[in-house]
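What follows is one structure encoded as structure tokens, with my remarks underneath.
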Amino acid sequence: MLFASVSSSVSPSVSSSVCVRDALSFARERIGPVDARALLQHVTGFGHARFASAPERQLDPRAWQDFEALVVRRAAGEPVAYLIGWREFYGRRFSVTPDVLIPRPETELLVDLVLRERDRAQRLQILDLGTGSGVLAITMALELPRADVTATDVSPAALAVARGNADALGARVHFIESDWWSALADRRFDLIVSNPPYIAPADPHLGQGDLRFEPRGALVGRGRAGAGDLAEIVRSARANLRPFGSLLVEHGWDQGAAVRASLSAAGFDAVTTTKDLGGNDRATSGISNPEAAPAPRPADPRV
Ligand SMILES: C[S@@+](CC[C@H](N)C(=O)[O-])C[C@H]1O[C@@H](n2cnc3c(N)ncnc32)[C@H](O)[C@@H]1O
């Protein structure tokens with residue numbers, strides 16, 4: 001028999017079978033409805049339409065057990081993306097593990113900005129600094145098939161995830177383990193993109209939501225304000241850019257003015273900040289002026 005009703009007072013795990021409707025009502029007492037459907041889809045392979053059209057459909061006992069365990073973990077705060085093992089970015093599915101940042105929708109803005117300026121026929125040398133799961137590098141490699149894309153990360157575990165994603169999606173990307181510029185020597189690129197860690201170490205958001213489970217090295221930037229990695233990237237980028245090459249970085253909603261100032265000071269022209277869909281400053285770009293003097297080295301490059 002199915003559960004007549006699955007309530008928090010009854011442990012569904014004692015039953016050998018449960019239907020879609022009862023599984024979802026068990027989950028909805030503990031987590032949000034969107035998360036509940038994503039987890040149920042993950043364990044059953046049923047599409048969302050099936051949940052509505054066949055609510056009496058039985059889950060096999062193994063699927064039910066797995067679902068119950070995932071609901072409990074989600075209720076304890078673990079991100080859905082880590083529980084199901086993937087997140088969509090620019091219309092493609094990327095594997096994610098707790099070794100990498102969960103790709104954010106606002107980061108898709110960087111791809112939009114690149115594609116607005118560049119076309120598929122161009123032969124370009126592109127660099128993605130701090131690639132994480134590889135979303136930016138892989139998406140650019142697939143959207144700009146003639147580009148030669150290099151991606152770096154300081155984390156070997158992140159690079160393993162990114163390599164797996166490139167293989168799964170059929171993208172040709174050259175991955176290098178590197179602490180920002182250290183392994184790049186004098187390689188020159190037409191375009192450098194980066195979404196570096198930029199959150200301040202004392203930011204209270206680090207103790208909330210998904211951020212509690214993501215790698216600290218992917219979130220927290222160096223220096224008291226968290227802007228030290230951005231500063232390091234901007235300051236040194238021109239040495240690895242071809243004349244009139246572009247730098248495009250993602251940053252925090254309150255970092256736009258500082259990033260614009262550091263790009264201008266480092267010898268970039270046409271410095272522009274673009275807002276995300278939420279209306280917040282999110283990405284700043286500039287074009288390397290080959291006539292400009294080398295960027296001055298700040299007293300403390302980490303702040
Ligand atoms: C905010 S995550 C961005 C990941 C991915 N690009 C994305 O947009 O989802 C920043 C990435 O930078 C990497 N990172 C942090 N410090 C680094 C460093 N010193 N050199 C290279 N990569 C670094 C982290 O490991 C992490 O993967």
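By order in the structure tokens, chains are A, B, ...; within a chain, residues start at 1; ligands start at 1, following the order shown.
Residues of protein, DNA or RNA lying at most 7 Å from ligand 1, when only C-alpha atoms and all ligand atoms are considered, are Val100, Leu101, Ile102, Pro103, Arg104, Thr107, Leu129, Gly130, Thr131, Gly132, Ser133, Gly134, Val135, Leu136, Thr152, Asp153, Val154, Ser155, Ala158, Ser178, Asp179, Trp180, Ser194, Asn195, Pro196, Pro197, Gly217, Ala218 and Leu219 of chain A.
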Checklist entry - Among segment 124-292 of chain A, which ones does DSSP place in alpha helix (DSSP H), written as number ranges by chain? => result A: 135-143, 156-169, 216-219, 228-237, 256-265
Atoms to include: N, CA and C atoms. Write the selected residues as a compact mmCIF listing (two decimals), in the first residue's frame.
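Written output follows (result.txt):
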# COMPACT_ATOMS: atom_id res chain seq x y z
N VAL A 135 33.45 26.96 -16.58
CA VAL A 135 32.29 27.49 -17.33
C VAL A 135 32.66 28.56 -18.36
N LEU A 136 33.50 29.52 -17.96
CA LEU A 136 33.81 30.61 -18.89
C LEU A 136 34.68 30.10 -20.04
N ALA A 137 35.74 29.38 -19.71
CA ALA A 137 36.66 28.92 -20.76
C ALA A 137 35.94 27.99 -21.74
N ILE A 138 35.17 27.06 -21.20
CA ILE A 138 34.52 26.06 -22.06
C ILE A 138 33.43 26.71 -22.91
N THR A 139 32.66 27.61 -22.31
CA THR A 139 31.61 28.27 -23.09
C THR A 139 32.23 29.10 -24.21
N MET A 140 33.32 29.82 -23.90
CA MET A 140 33.95 30.62 -24.97
C MET A 140 34.52 29.71 -26.05
N ALA A 141 35.12 28.58 -25.65
CA ALA A 141 35.68 27.66 -26.66
C ALA A 141 34.58 27.13 -27.57
N LEU A 142 33.40 26.89 -27.00
CA LEU A 142 32.32 26.33 -27.82
C LEU A 142 31.62 27.41 -28.66
N GLU A 143 31.52 28.61 -28.12
CA GLU A 143 30.83 29.69 -28.84
C GLU A 143 31.73 30.35 -29.88
N PRO A 156 44.29 22.20 -8.06
CA PRO A 156 44.30 21.03 -8.94
C PRO A 156 42.95 20.31 -8.95
N ALA A 157 42.24 20.34 -7.82
CA ALA A 157 40.94 19.66 -7.77
C ALA A 157 39.93 20.36 -8.68
N ALA A 158 39.98 21.70 -8.70
CA ALA A 158 39.08 22.44 -9.60
C ALA A 158 39.44 22.13 -11.05
N LEU A 159 40.74 22.08 -11.35
CA LEU A 159 41.14 21.80 -12.73
C LEU A 159 40.66 20.43 -13.19
N ALA A 160 40.63 19.46 -12.26
CA ALA A 160 40.15 18.12 -12.63
C ALA A 160 38.66 18.19 -13.02
N VAL A 161 37.89 18.98 -12.28
CA VAL A 161 36.46 19.14 -12.62
C VAL A 161 36.33 19.82 -13.99
N ALA A 162 37.12 20.89 -14.19
CA ALA A 162 37.05 21.63 -15.45
C ALA A 162 37.45 20.75 -16.64
N ARG A 163 38.48 19.95 -16.46
CA ARG A 163 38.90 19.05 -17.56
C ARG A 163 37.78 18.07 -17.89
N GLY A 164 37.15 17.52 -16.84
CA GLY A 164 36.03 16.59 -17.07
C GLY A 164 34.90 17.26 -17.84
N ASN A 165 34.61 18.52 -17.50
CA ASN A 165 33.55 19.25 -18.21
C ASN A 165 33.92 19.51 -19.67
N ALA A 166 35.19 19.86 -19.89
CA ALA A 166 35.63 20.12 -21.28
C ALA A 166 35.49 18.83 -22.10
N ASP A 167 35.90 17.71 -21.53
CA ASP A 167 35.79 16.43 -22.26
C ASP A 167 34.32 16.12 -22.54
N ALA A 168 33.48 16.27 -21.50
CA ALA A 168 32.07 15.90 -21.66
C ALA A 168 31.37 16.77 -22.70
N LEU A 169 31.79 18.03 -22.78
CA LEU A 169 31.10 18.96 -23.70
C LEU A 169 31.83 19.10 -25.04
N ARG A 216 36.40 28.17 0.11
CA ARG A 216 36.72 29.53 0.55
C ARG A 216 37.67 30.20 -0.45
N GLY A 217 38.57 29.41 -1.01
CA GLY A 217 39.54 29.96 -1.97
C GLY A 217 38.89 30.43 -3.26
N ALA A 218 37.64 30.03 -3.50
CA ALA A 218 36.93 30.49 -4.69
C ALA A 218 36.10 31.74 -4.39
N LEU A 219 35.90 32.02 -3.11
CA LEU A 219 35.00 33.12 -2.72
C LEU A 219 35.74 34.34 -2.20
N GLY A 228 42.06 42.11 -3.27
CA GLY A 228 43.48 41.94 -3.56
C GLY A 228 43.75 41.12 -4.81
N ASP A 229 42.93 40.07 -5.07
CA ASP A 229 43.16 39.26 -6.27
C ASP A 229 42.78 40.06 -7.53
N LEU A 230 41.67 40.79 -7.44
CA LEU A 230 41.29 41.65 -8.58
C LEU A 230 42.42 42.64 -8.88
N ALA A 231 42.97 43.24 -7.80
CA ALA A 231 44.04 44.23 -7.99
C ALA A 231 45.25 43.59 -8.66
N GLU A 232 45.59 42.39 -8.23
CA GLU A 232 46.76 41.69 -8.79
C GLU A 232 46.54 41.38 -10.28
N ILE A 233 45.34 40.93 -10.60
CA ILE A 233 45.04 40.59 -12.00
C ILE A 233 45.10 41.84 -12.88
N VAL A 234 44.46 42.91 -12.43
CA VAL A 234 44.42 44.13 -13.24
C VAL A 234 45.82 44.70 -13.40
N ARG A 235 46.57 44.73 -12.30
CA ARG A 235 47.89 45.36 -12.34
C ARG A 235 48.83 44.67 -13.34
N SER A 236 48.73 43.32 -13.42
CA SER A 236 49.71 42.58 -14.22
C SER A 236 49.21 42.18 -15.60
N ALA A 237 47.94 42.41 -15.89
CA ALA A 237 47.36 41.85 -17.12
C ALA A 237 48.04 42.34 -18.40
N GLY A 256 32.82 48.36 -8.46
CA GLY A 256 32.95 48.88 -9.82
C GLY A 256 33.88 50.09 -9.91
N ALA A 257 33.67 51.07 -9.04
CA ALA A 257 34.47 52.31 -9.13
C ALA A 257 35.95 52.01 -8.90
N ALA A 258 36.25 51.17 -7.92
CA ALA A 258 37.65 50.84 -7.61
C ALA A 258 38.29 50.07 -8.76
N VAL A 259 37.54 49.16 -9.36
CA VAL A 259 38.11 48.38 -10.47
C VAL A 259 38.33 49.28 -11.69
N ARG A 260 37.39 50.18 -11.94
CA ARG A 260 37.59 51.13 -13.07
C ARG A 260 38.85 51.96 -12.85
N ALA A 261 39.01 52.44 -11.62
CA ALA A 261 40.19 53.28 -11.32
C ALA A 261 41.46 52.45 -11.50
N SER A 262 41.44 51.18 -11.08
CA SER A 262 42.69 50.42 -11.19
C SER A 262 42.98 50.07 -12.65
N LEU A 263 41.96 49.85 -13.46
CA LEU A 263 42.23 49.60 -14.89
C LEU A 263 42.83 50.84 -15.55
N SER A 264 42.25 52.00 -15.26
CA SER A 264 42.78 53.23 -15.86
C SER A 264 44.22 53.45 -15.42
N ALA A 265 44.50 53.24 -14.12
CA ALA A 265 45.86 53.44 -13.61
C ALA A 265 46.84 52.44 -14.22
Checklist entry - Contacts of Arg242 of chain A at 7 Å or less, counting only C-alpha atoms, minus same-chain residues fewer than 3 places along, as a ChimeraX atom specification? => result /A:188-190,245
Restricting the output to C-alpha atoms, write the selected residues as a PDB file, in the first residue's frame.
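Done, and the output landed in part-v2.pdb:
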ATOM      1  CA  ARG A 188      50.265  37.013 -24.843  1.00  0.00           C
ATOM      2  CA  PHE A 189      46.498  36.938 -25.301  1.00  0.00           C
ATOM      3  CA  ASP A 190      43.905  38.953 -27.225  1.00  0.00           C
ATOM      4  CA  GLY A 245      43.976  43.285 -26.146  1.00  0.00           C
TER       5      GLY A 245
END
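Closest approach to Gly207 of chain A among A:Ala266, A:Pro290, A:Gly77, A:Ile31 is made by A:Gly77 (distances from only C-alpha atoms).
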Next on the checklist: Restricting the calculation to only C-alpha atoms: of A:Trp181, A:Phe175, A:Phe213, A:Phe26, which residue gets closest to Trp64 of chain A?
Outcome noted: A:Phe26
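Counting only C-alpha atoms, the residue from A:Leu191, A:Glu214, A:Asp112, A:Thr44 that sits nearest to Val149 of chain A is A:Leu191.
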Residues flagged strand (DSSP E or B) by DSSP in segment 29-121 of chain A, as a PDB file with C-alpha atoms, in the first residue's frame:
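This is the output file result.pdb:
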ATOM      1  CA  GLN A  58       5.548   4.508  -7.741  1.00  0.00           C
ATOM      2  CA  LEU A  59       9.182   5.257  -6.960  1.00  0.00           C
ATOM      3  CA  TRP A  86      25.587  19.749 -11.918  1.00  0.00           C
ATOM      4  CA  ARG A  87      24.471  23.299 -12.704  1.00  0.00           C
ATOM      5  CA  GLU A  88      23.429  24.819 -16.002  1.00  0.00           C
ATOM      6  CA  PHE A  89      25.492  27.662 -17.460  1.00  0.00           C
ATOM      7  CA  ARG A  92      24.882  23.692 -21.008  1.00  0.00           C
ATOM      8  CA  ARG A  93      25.177  21.293 -18.112  1.00  0.00           C
ATOM      9  CA  PHE A  94      28.411  21.524 -16.100  1.00  0.00           C
ATOM     10  CA  SER A  95      29.437  18.993 -13.447  1.00  0.00           C
TER      11      SER A  95
END
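The two atoms in question, atom CA of Ala283 of chain A and atom CA of Trp253 of chain A, are spaced 9.0 Å apart.
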Checklist entry - Which one of A:Ile84, A:His174, A:Ala227, A:Ala76 sits closest to Arg212 of chain A if you count only C-alpha atoms? => result A:Ala76
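Distance annotation: of A:Ala293, A:Ala171, A:Ser25, A:Thr284, the residue with the minimal separation from Val114 of chain A is A:Thr284; atom set is only C-alpha atoms.
Within the 7 Å cut-off around Ala147 of chain A, using only C-alpha atoms and omitting residues fewer than 3 positions from it on the same chain, the listed residues are Gln122, Arg123, Leu124, Gln125, Ile126, Ala141 and Leu144 of chain A.
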